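Participant: The following file, query-v2.cif, comprises mmCIF, C-alpha atoms:
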```cif
data_query
loop_
_atom_site.group_PDB
_atom_site.id
_atom_site.type_symbol
_atom_site.label_atom_id
_atom_site.label_comp_id
_atom_site.auth_asym_id
_atom_site.auth_seq_id
_atom_site.Cartn_x
_atom_site.Cartn_y
_atom_site.Cartn_z
ATOM 1 C CA MET F 18 0.000 0.000 0.000
ATOM 2 C CA ARG F 19 2.791 2.408 0.928
ATOM 3 C CA ASN F 20 4.640 1.685 -2.351
ATOM 4 C CA ALA F 21 1.469 2.410 -4.318
ATOM 5 C CA ALA F 22 1.025 5.760 -2.529
ATOM 6 C CA VAL F 23 4.652 6.718 -3.171
ATOM 7 C CA GLY F 24 4.219 5.712 -6.829
ATOM 8 C CA LEU F 25 1.079 7.845 -7.179
ATOM 9 C CA LEU F 26 2.772 10.836 -5.564
ATOM 10 C CA SER F 27 5.753 10.453 -7.897
ATOM 11 C CA LEU F 28 3.458 10.221 -10.908
ATOM 12 C CA ALA F 29 1.507 13.303 -9.755
ATOM 13 C CA ALA F 30 4.743 15.269 -9.319
ATOM 14 C CA LEU F 31 5.900 14.254 -12.801
ATOM 15 C CA VAL F 32 2.575 15.225 -14.411
ATOM 16 C CA CYS F 33 2.498 18.508 -12.512
ATOM 17 C CA GLY F 34 6.066 19.291 -13.558
ATOM 18 C CA LEU F 35 5.261 18.621 -17.196
ATOM 19 C CA ALA F 36 2.120 20.727 -17.015
ATOM 20 C CA GLY F 37 3.930 23.695 -15.481
ATOM 21 C CA CYS F 38 2.371 23.513 -12.017
ATOM 22 C CA GLY F 39 3.832 24.955 -8.854
ATOM 23 C CA ASN F 40 5.778 28.088 -8.193
ATOM 24 C CA GLY F 41 7.848 27.826 -11.347
ATOM 25 C CA GLY F 42 4.912 27.558 -13.748
ATOM 26 C CA PRO F 43 6.020 27.538 -17.360
ATOM 27 C CA ARG F 44 9.755 27.512 -17.860
ATOM 28 C CA THR F 45 11.213 30.985 -18.010
ATOM 29 C CA PRO F 46 13.518 31.810 -20.894
ATOM 30 C CA LEU F 47 17.185 32.344 -20.436
ATOM 31 C CA GLU F 48 18.586 35.783 -19.785
ATOM 32 C CA ALA F 49 19.133 38.351 -22.515
ATOM 33 C CA SER F 50 22.761 37.243 -22.598
ATOM 34 C CA ALA F 51 21.563 33.995 -24.264
ATOM 35 C CA LEU F 52 20.772 36.005 -27.388
ATOM 36 C CA PRO F 53 23.622 36.810 -29.778
ATOM 37 C CA PHE F 54 23.588 40.455 -30.845
ATOM 38 C CA VAL F 55 25.607 42.149 -33.545
ATOM 39 C CA GLY F 56 28.561 43.993 -32.022
ATOM 40 C CA GLY F 57 27.556 47.356 -30.599
ATOM 41 C CA ALA F 58 23.929 46.453 -29.851
ATOM 42 C CA ARG F 59 22.748 46.899 -26.310
ATOM 43 C CA VAL F 60 19.560 46.070 -24.437
ATOM 44 C CA ILE F 61 17.834 49.128 -22.989
ATOM 45 C CA ALA F 62 14.672 47.477 -21.625
ATOM 46 C CA GLN F 63 13.481 44.001 -20.752
ATOM 47 C CA ALA F 64 10.425 42.400 -19.198
ATOM 48 C CA ARG F 65 9.285 38.861 -18.490
ATOM 49 C CA GLU F 66 5.767 38.054 -19.596
ATOM 50 C CA CYS F 67 3.985 34.775 -18.930
ATOM 51 C CA ASP F 68 0.778 33.300 -20.307
ATOM 52 C CA ARG F 69 -0.508 30.672 -17.920
ATOM 53 C CA GLY F 70 -3.342 29.568 -20.237
ATOM 54 C CA ALA F 71 -3.789 26.225 -21.975
ATOM 55 C CA ASN F 72 -0.479 26.651 -23.846
ATOM 56 C CA ALA F 73 1.495 28.092 -20.923
ATOM 57 C CA PHE F 74 4.770 29.830 -21.733
ATOM 58 C CA CYS F 75 7.001 32.640 -20.566
ATOM 59 C CA ALA F 76 8.906 35.029 -22.777
ATOM 60 C CA LEU F 77 11.609 37.586 -22.298
ATOM 61 C CA GLU F 78 10.717 40.801 -24.128
ATOM 62 C CA LEU F 79 13.588 43.106 -25.024
ATOM 63 C CA VAL F 80 14.330 46.402 -26.697
ATOM 64 C CA ALA F 81 17.781 46.640 -28.259
ATOM 65 C CA VAL F 82 19.408 49.680 -29.840
ATOM 66 C CA ASP F 83 22.486 50.195 -31.988
ATOM 67 C CA SER F 84 23.338 53.707 -33.159
ATOM 68 C CA ARG F 85 25.934 52.408 -35.629
ATOM 69 C CA TYR F 86 23.096 51.856 -38.110
ATOM 70 C CA GLU F 87 21.250 54.513 -40.097
ATOM 71 C CA THR F 88 17.823 52.962 -39.527
ATOM 72 C CA SER F 89 16.052 50.298 -37.525
ATOM 73 C CA ASP F 90 15.603 48.349 -40.772
ATOM 74 C CA ASP F 91 19.390 48.289 -41.268
ATOM 75 C CA PHE F 92 19.815 47.103 -37.668
ATOM 76 C CA LEU F 93 17.211 44.350 -38.168
ATOM 77 C CA VAL F 94 18.858 43.112 -41.392
ATOM 78 C CA ALA F 95 22.290 43.051 -39.726
ATOM 79 C CA GLU F 96 20.893 41.071 -36.779
ATOM 80 C CA ARG F 97 19.128 38.605 -39.088
ATOM 81 C CA GLU F 98 22.353 38.052 -41.067
ATOM 82 C CA TYR F 99 24.335 37.621 -37.848
ATOM 83 C CA LEU F 100 21.875 35.052 -36.485
ATOM 84 C CA HIS F 101 21.957 33.190 -39.810
ATOM 85 C CA ALA F 102 25.786 33.143 -39.763
ATOM 86 C CA LEU F 103 25.598 31.560 -36.296
ATOM 87 C CA GLY F 104 23.321 28.771 -37.553
ATOM 88 C CA TRP F 105 19.937 30.155 -36.543
ATOM 89 C CA SER F 106 17.180 29.252 -38.993
ATOM 90 C CA LEU F 107 14.274 31.321 -40.260
ATOM 91 C CA ALA F 108 10.962 30.717 -38.497
ATOM 92 C CA GLY F 109 7.462 32.093 -38.907
ATOM 93 C CA ALA F 110 6.172 35.063 -36.938
ATOM 94 C CA GLN F 111 2.737 35.928 -35.564
ATOM 95 C CA ALA F 112 2.170 39.328 -37.101
ATOM 96 C CA GLY F 113 3.135 41.218 -40.230
ATOM 97 C CA GLY F 114 6.411 43.072 -39.956
ATOM 98 C CA GLU F 115 7.857 40.525 -37.535
ATOM 99 C CA ALA F 116 10.625 38.055 -38.298
ATOM 100 C CA GLY F 117 11.342 34.817 -36.493
ATOM 101 C CA ALA F 118 14.415 32.691 -35.881
ATOM 102 C CA GLN F 119 15.081 29.331 -34.279
ATOM 103 C CA SER F 120 18.400 28.627 -32.557
ATOM 104 C CA PRO F 121 20.529 25.637 -33.524
ATOM 105 C CA GLY F 122 19.005 22.620 -31.781
ATOM 106 C CA ASN F 123 15.662 24.452 -31.472
ATOM 107 C CA ARG F 124 16.449 25.454 -27.885
ATOM 108 C CA LEU F 125 15.431 29.105 -28.346
ATOM 109 C CA ARG F 126 12.818 30.879 -30.433
ATOM 110 C CA LEU F 127 13.168 34.555 -31.269
ATOM 111 C CA THR F 128 10.591 36.924 -32.724
ATOM 112 C CA TYR F 129 11.858 40.373 -33.644
ATOM 113 C CA SER F 130 10.776 43.522 -35.417
ATOM 114 C CA THR F 131 11.706 47.155 -35.847
ATOM 115 C CA ALA F 132 10.470 49.479 -33.121
ATOM 116 C CA SER F 133 8.012 51.259 -35.424
ATOM 117 C CA SER F 134 6.582 48.016 -36.795
ATOM 118 C CA ASP F 135 6.035 46.578 -33.323
ATOM 119 C CA LEU F 136 4.348 49.767 -32.124
ATOM 120 C CA GLN F 137 2.004 49.664 -35.138
ATOM 121 C CA GLN F 138 1.107 46.026 -34.383
ATOM 122 C CA ILE F 139 0.505 46.935 -30.722
ATOM 123 C CA GLU F 140 -1.721 49.877 -31.707
ATOM 124 C CA LEU F 141 -3.761 47.616 -34.007
ATOM 125 C CA GLY F 142 -4.214 45.122 -31.159
ATOM 126 C CA LEU F 143 -2.454 42.343 -33.058
ATOM 127 C CA ILE F 144 0.278 41.810 -30.469
ATOM 128 C CA GLY F 145 0.794 42.696 -26.836
ATOM 129 C CA ARG F 146 3.934 43.881 -25.078
ATOM 130 C CA ALA F 147 4.717 44.851 -21.508
ATOM 131 C CA GLN F 148 4.260 48.559 -20.799
ATOM 132 C CA THR F 149 7.997 48.886 -20.093
ATOM 133 C CA ILE F 150 8.699 47.643 -23.615
ATOM 134 C CA GLU F 151 6.090 49.903 -25.235
ATOM 135 C CA VAL F 152 7.529 52.985 -23.506
ATOM 136 C CA ALA F 153 11.113 52.071 -24.468
ATOM 137 C CA LEU F 154 10.078 51.501 -28.094
ATOM 138 C CA SER F 155 8.294 54.868 -28.183
ATOM 139 C CA ARG F 156 11.334 56.646 -26.777
ATOM 140 C CA THR F 157 13.581 55.178 -29.458
ATOM 141 C CA LEU F 158 11.263 56.593 -32.126
ATOM 142 C CA PHE F 159 11.304 60.055 -30.577
ATOM 143 C CA ASP F 160 15.106 59.882 -30.209
ATOM 144 C CA ARG F 161 15.460 58.488 -33.756
ATOM 145 C CA THR F 162 17.613 55.660 -32.423
ATOM 146 C CA PRO F 163 17.752 52.465 -34.515
ATOM 147 C CA ALA F 164 15.922 49.923 -32.360
ATOM 148 C CA MET F 165 14.382 46.472 -32.392
ATOM 149 C CA SER F 166 11.760 44.778 -30.296
ATOM 150 C CA LEU F 167 12.567 41.149 -29.513
ATOM 151 C CA MET F 168 10.750 38.310 -27.788
ATOM 152 C CA LEU F 169 12.818 35.326 -26.674
ATOM 153 C CA GLU F 170 11.224 32.020 -25.687
ATOM 154 C CA GLU F 171 12.537 28.562 -24.932
ATOM 155 C CA GLY F 172 11.660 25.814 -27.378
ATOM 156 C CA SER F 173 10.395 25.702 -30.923
ATOM 157 C CA SER F 174 7.431 27.458 -32.472
#
```
Show me the file's structure as structure tokens.

Facilitator:
Amino acid sequence: MRNAAVGLLSLAALVCGLAGCGNGGPRTPLEASALPFVGGARVIAQARECDRGANAFCALELVAVDSRYETSDDFLVAEREYLHALGWSLAGAQAGGEAGAQSPGNRLRLTYSTASSDLQQIELGLIGRAQTIEVALSRTLFDRTPAMSLMLEEGSS
């Protein structure tokens, strides 16, 4: 009887762990340092956002800037080429104007866009971002700083 109870508790813990129960919930993505950036880029804002619904996940939202580029589009193209050179593959994105990439081994999934494109998608209600991210994106537009919005998640799309 005792062995059966221990077995049931072990099974319950395994199922709960797989389902994202407990304090940890869905696995949280790695830190921003897990993302390779072109030289000179720096993160100016970040926020963790979690969706605890049926398809529970957590994401790390980031705003990166790099004043070496003329425009945000130039920055985005340079980042895409850099990721590709490191073995990241193209992946689909949720909204127009966004690009996606999958790390080698499918450990990380990245969705990224220019600051202006992400703000347009937010305004249209097609995507959501943490308020910290929205404010940082807006500031980069006013400052005319080449910037990208990024969302990093663990796993494949």

Participant: I want to know what sits within 9 Å of Arg97 (chain F), based on all atoms listed in the file, with residues of the same chain fewer than 5 positions away left out; could you give that as JSON, numbers by chain?

Facilitator: {"F": [92, 102, 105, 107, 116, 118]}

Participant: Rounded to one decimal place, report the CA of Leu100 (chain F)-CA of Phe159 (chain F) distance in Å.

Facilitator: 27.8 Å

Participant: Kindly indicate which residue among F:Ile150, F:Ala64, F:Cys75, F:Leu141 lies nearest to Glu170 (chain F), using all atoms listed in the file for the distances.

Facilitator: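 Selected residue with least distance to Glu170 (chain F): F:Cys75.
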
Participant: Figure out the distance between CA of Thr149 (chain F) and CA of Ser166 (chain F), please, to one decimal in Å.

Facilitator: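 CA of Thr149 (chain F) lies 11.6 Å from CA of Ser166 (chain F).
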
Participant: Once the PyMOL selection byres ((chain F and resi 65) around 10) has been evaluated on this model, what residues remain selected, and can you format them as an NGL selection string?

Facilitator: :F and (45-46 or 48 or 63-64 or 66-67 or 75-79 or 146-147 or 168-169)

Participant: What's the separation between CA of Gly145 (chain F) and CA of Thr162 (chain F), in Å to one decimal place?

Facilitator: 22.0 Å

Participant: Tell me which residues come within 7 Å of (22.3, 32.0, -34.4), as a VMD selection string, counting only C-alpha atoms in the file's coordinates.

Facilitator: chain F and resid 53 99 to 105 120 to 121

Participant: Keeping C-alpha atoms, export the residues of the selection given above as a CSV table (one decimal), in the frame of the given file.

Facilitator:
```csv
chain,number,residue,atom,x,y,z
F,53,PRO,CA,23.6,36.8,-29.8
F,99,TYR,CA,24.3,37.6,-37.8
F,100,LEU,CA,21.9,35.1,-36.5
F,101,HIS,CA,22.0,33.2,-39.8
F,102,ALA,CA,25.8,33.1,-39.8
F,103,LEU,CA,25.6,31.6,-36.3
F,104,GLY,CA,23.3,28.8,-37.6
F,105,TRP,CA,19.9,30.2,-36.5
F,120,SER,CA,18.4,28.6,-32.6
F,121,PRO,CA,20.5,25.6,-33.5
```

Participant: Evaluate the PyMOL selection byres ((chain F and resi 157) around 10) on the structure here and hand back the selected residues as a ChimeraX atom specification.

Facilitator: /F:61,80-82,89,132-133,152-156,158-165

Participant: What do you get, as a list in words, if you spell out every residue that the PyMOL selection byres ((chain F and resi 54) around 10) selects here?

Facilitator: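 That selection, the PyMOL selection byres ((chain F and resi 54) around 10), comes back as Ala49, Ser50, Ala51, Leu52, Pro53, Val55, Gly56, Gly57, Ala58, Arg59, Val60, Ala81, Asp83, Ala95, Glu96, Arg97, Tyr99 and Leu100 of chain F.
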
Participant: Return as JSON the box centre and box size in Å, one decimal, for an axis-aligned box around all listed atoms of region 48-57 of chain F padded by 3 Å per side.

Facilitator:
```
{"center_x": 23.6, "center_y": 40.7, "center_z": -26.7, "size_x": 16.0, "size_y": 19.4, "size_z": 19.8}
```
